[in-house]
Structures are given as structure tokens and as C-alpha cells.
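Below you'll find the structure, written out as C-alpha cells, and then a few comments.
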Amino acid sequence: MLLGEHEHTIDDKNRLTLPARFREELGTGVVVTRGLDECLNVFARDKWDQLVGRQLEGLDPFSREAREMERYYYSGAVEVEVDRQGRVMIPMPLSTYAKLGREVVVAGVRNRLEVWDREAWRKQRDEFEGSAEHVAERLARQRS
């Protein structure tokens with residue numbers, strides 16, 4: 001399980017060094033793709049395959065929304081090798097999508113990493129920390 005929040009930088013060649021504690025679980029090849037909240041998601045290849053298999057493969061190809069979700073995830077996904085120093089190349093279109101500057105936050109979120117521009121992460125964190133209790137209550141009611 002991927003947990004924690006780590007501040008990092010993107011170098012001049014658009015490479016991100018993954019936090020050392022995540023490297024073993026991610027392996028030597030990862031999938032980097034657009035997240036739903038103007039961040040990037042980084043998946044170990046097997047976790048990406050599980051997500052796609054569980055969430056996307058069963059969608060009806062005649063549904064416009066299903067096709068849009070497939071386009072969103074597949075067209076924005078890139079397989080990237082992790083080099084010996086634990087770095088991954090962040091493709092420019094993905095960097096632009098997430099509005100990444102030099103300073104970023106890498107957050108472990110269960111089965112994936114999220115890569116955020118540092119200032120955007122702080123704003124997002126302030127929002128979810130302020131509403132987490134209310135969201136938890138709504139989700140608990142939905143389970144009942």
C-alpha cells in the first residue's frame with residue numbers, strides 16, 4: 001500500500017525522483033496518466049492493469065460516457081521506465097495538464113501515487129482536511 005506525502009522537485013530534464021520508500025512496490029516500469037483532479041497518477045504496471053480491467057473494460061462501447069472515459073485514461077497514459085536512480089520522465093503533455101512546476105508533492109494514495117504541483121496540493125489538502133469529517137458521514141450514510 002502506498003502511503004504518505006513527500007515534497008520533491010522535477011529536474012531540468014522533466015524527471016521526477018520517486019520517493020525511495022515507493023520504488024520497490026512500483027517496480028521498474030510504471031504507468032503515468034492524468035488524474036481526475038488536475039494531478040498525475042502513477043501506477044505500478046500490475047495495478048494499472050487491475051484498474052483498467054475492473055473499471056474500464058466492462059464499459060459499454062456504445063455509451064458516449066464510456067468512450068469518453070476510455071479516451072481520458074488511455075490517451076493520457078504513458079508507460080515509463082524507472083531508471084537506476086529511481087527517476088521517471090514526466091511527458092510534457094502530462095506535466096502541462098497537471099500544471100506542474102519545479103516543486104511538487106508525491107502523495108501515496110492506496111494503489112497509486114499522485115503527483116501535484118506543490119501549491120495546488122496545499123490548496124487541495126486544505127479543502128479535504130476541512131471537509132473530511134462531513135464526507136465520511138455522507139459516505140457512511142450511503143453504506144447503510
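Naming scheme: A, B, ... for chains in displayed order of the C-alpha cells; residues 1 onward per chain; ligands 1 onward as shown.
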
Excluding Leu113 of chain A and its own-chain neighbours fewer than 3 positions away, which residues fall within 6 Å of it when counting only C-alpha atoms? Please give them as a list in words.
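Contacts, in chain order: Asn41, Val42, Ala107, Gly108 and Val109 of chain A.
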
Tell me which protein, DNA and RNA residues are within 8 Å of segment 11-24 of chain A, counting only C-alpha atoms, leaving out same-chain ones fewer than 3 positions away, and put them as a ChimeraX atom specification.
/A:2,6,8,27-28,85-92,102,106

Resulting file, chosen residues, N, CA and C atoms, as a PDB file, in the first residue's frame:
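Below is the file again-v3.pdb, written as the result:
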```pdb
ATOM      1  N   LEU A   2       0.523   2.215  -0.806  1.00  0.00           N
ATOM      2  CA  LEU A   2       1.301   3.443  -0.930  1.00  0.00           C
ATOM      3  C   LEU A   2       0.699   4.505  -0.019  1.00  0.00           C
ATOM      4  N   HIS A   6       5.235  13.421   0.191  1.00  0.00           N
ATOM      5  CA  HIS A   6       6.665  13.725   0.064  1.00  0.00           C
ATOM      6  C   HIS A   6       6.863  14.886  -0.888  1.00  0.00           C
ATOM      7  N   HIS A   8       9.096  16.918  -3.462  1.00  0.00           N
ATOM      8  CA  HIS A   8      10.178  16.623  -4.393  1.00  0.00           C
ATOM      9  C   HIS A   8      10.272  17.747  -5.408  1.00  0.00           C
ATOM     10  N   GLY A  27       8.152  -1.074  -8.807  1.00  0.00           N
ATOM     11  CA  GLY A  27       8.916  -1.853  -9.771  1.00  0.00           C
ATOM     12  C   GLY A  27       9.679  -0.959 -10.736  1.00  0.00           C
ATOM     13  N   THR A  28      10.092  -1.535 -11.865  1.00  0.00           N
ATOM     14  CA  THR A  28      10.951  -0.813 -12.807  1.00  0.00           C
ATOM     15  C   THR A  28      10.179  -0.156 -13.945  1.00  0.00           C
ATOM     16  N   GLN A  85      18.386   5.507 -10.656  1.00  0.00           N
ATOM     17  CA  GLN A  85      18.306   6.487  -9.571  1.00  0.00           C
ATOM     18  C   GLN A  85      16.877   6.679  -9.067  1.00  0.00           C
ATOM     19  N   GLY A  86      15.929   5.895  -9.609  1.00  0.00           N
ATOM     20  CA  GLY A  86      14.542   5.995  -9.174  1.00  0.00           C
ATOM     21  C   GLY A  86      13.786   7.137  -9.823  1.00  0.00           C
ATOM     22  N   ARG A  87      14.263   7.597 -10.980  1.00  0.00           N
ATOM     23  CA  ARG A  87      13.625   8.723 -11.661  1.00  0.00           C
ATOM     24  C   ARG A  87      12.725   8.232 -12.782  1.00  0.00           C
ATOM     25  N   VAL A  88      11.656   9.003 -12.996  1.00  0.00           N
ATOM     26  CA  VAL A  88      10.773   8.763 -14.141  1.00  0.00           C
ATOM     27  C   VAL A  88      10.658  10.061 -14.930  1.00  0.00           C
ATOM     28  N   MET A  89      10.561   9.904 -16.237  1.00  0.00           N
ATOM     29  CA  MET A  89      10.367  11.044 -17.117  1.00  0.00           C
ATOM     30  C   MET A  89       8.878  11.392 -17.105  1.00  0.00           C
ATOM     31  N   ILE A  90       8.574  12.660 -16.867  1.00  0.00           N
ATOM     32  CA  ILE A  90       7.193  13.134 -16.920  1.00  0.00           C
ATOM     33  C   ILE A  90       6.992  13.762 -18.307  1.00  0.00           C
ATOM     34  N   PRO A  91       6.200  13.127 -19.167  1.00  0.00           N
ATOM     35  CA  PRO A  91       5.986  13.688 -20.502  1.00  0.00           C
ATOM     36  C   PRO A  91       5.371  15.089 -20.418  1.00  0.00           C
ATOM     37  N   MET A  92       5.794  15.966 -21.306  1.00  0.00           N
ATOM     38  CA  MET A  92       5.368  17.364 -21.268  1.00  0.00           C
ATOM     39  C   MET A  92       3.842  17.524 -21.309  1.00  0.00           C
ATOM     40  N   ARG A 102       8.337  23.270 -10.846  1.00  0.00           N
ATOM     41  CA  ARG A 102       9.538  22.546 -10.406  1.00  0.00           C
ATOM     42  C   ARG A 102       9.291  21.830  -9.078  1.00  0.00           C
ATOM     43  N   VAL A 106       4.501  14.345  -3.992  1.00  0.00           N
ATOM     44  CA  VAL A 106       4.159  12.983  -4.384  1.00  0.00           C
ATOM     45  C   VAL A 106       3.428  12.373  -3.192  1.00  0.00           C
TER      46      VAL A 106
END
```

Point-to-point distance from atom CA of Gln55 of chain A to atom CA of Ala120 of chain A, Å rounded to tenths
27.2 Å

Could you check the closest approach to Cys39 of chain A for each of A:Gln142, A:Glu127, A:Arg118, A:Ala136 and tell me which residue wins, using only C-alpha atoms?
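The answer is A:Arg118, which sits nearest to Cys39 of chain A.
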
Atom CA of Leu51 of chain A to atom CA of Ala98 of chain A: how many Å, to one decimal?
20.7 Å

Of the listed residues A:Glu79, A:Glu103, A:Glu68, A:Glu57, that which approaches Ala44 of chain A most closely, counting only C-alpha atoms
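Looking only at the distances to Ala44 of chain A, the closest residue turns out to be A:Glu79.
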
Give me every strand (DSSP E) residue in chain A, going by DSSP on the backbone, as a PyMOL selection string.
chain A and resi 2-9+15-17+29-34+40-44+78-81+87-89+103-110+112-117

In Å, how far is it from atom CA of Ile10 of chain A to atom CA of Leu100 of chain A?
8.6 Å

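Omitting Lys47 of chain A and its sequence neighbours fewer than 4 positions away, and counting only C-alpha atoms, the residues within 9 Å are Leu26, Phe43, Leu51, Val52, Asn111 and Arg112 of chain A.
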
Preceding selection exported with N, CA, C and O atoms as a CSV table (one decimal), in the first residue's frame:
```csv
chain,number,residue,atom,x,y,z
A,26,LEU,N,6.6,-0.2,-6.7
A,26,LEU,CA,6.2,0.2,-8.1
A,26,LEU,C,7.0,-0.6,-9.1
A,26,LEU,O,6.5,-0.8,-10.2
A,43,PHE,N,1.0,4.5,-11.5
A,43,PHE,CA,0.6,3.2,-11.1
A,43,PHE,C,1.8,2.2,-11.4
A,43,PHE,O,2.4,2.3,-12.4
A,51,LEU,N,-6.8,-1.8,-12.5
A,51,LEU,CA,-7.8,-0.7,-12.6
A,51,LEU,C,-8.5,-0.7,-13.9
A,51,LEU,O,-9.7,-0.6,-14.0
A,52,VAL,N,-7.8,-0.9,-15.0
A,52,VAL,CA,-8.4,-0.9,-16.3
A,52,VAL,C,-9.3,-2.1,-16.4
A,52,VAL,O,-10.4,-2.0,-16.9
A,111,ASN,N,-3.3,2.5,-4.0
A,111,ASN,CA,-2.7,1.7,-5.1
A,111,ASN,C,-2.0,2.6,-6.1
A,111,ASN,O,-1.6,2.1,-7.1
A,112,ARG,N,-1.8,3.9,-5.8
A,112,ARG,CA,-1.2,4.8,-6.8
A,112,ARG,C,-0.5,5.9,-6.1
A,112,ARG,O,-0.7,6.2,-4.9
```

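Proximity ranking of A:His134, A:Lys99, A:Arg143, A:Arg122 relative to Leu40 of chain A places A:Lys99 first, based on only C-alpha atoms.
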
DSSP-assigned alpha helix (DSSP H) among chain A, expressed as JSON, numbers by chain
{"A": [20, 21, 22, 23, 24, 25, 26, 45, 46, 47, 48, 49, 50, 51, 64, 65, 66, 67, 68, 69, 70, 71, 72, 73, 74, 75, 92, 93, 94, 95, 96, 97, 118, 119, 120, 121, 122, 123, 124, 125, 126, 127, 128, 129, 130, 131, 132, 133, 134, 135, 136, 137, 138, 139, 140, 141, 142, 143]}

Which of these, A:Gly29, A:Glu5, A:Arg67, A:Gln50, has the shortest distance to Asp83 of chain A once you count only C-alpha atoms?
A:Gly29
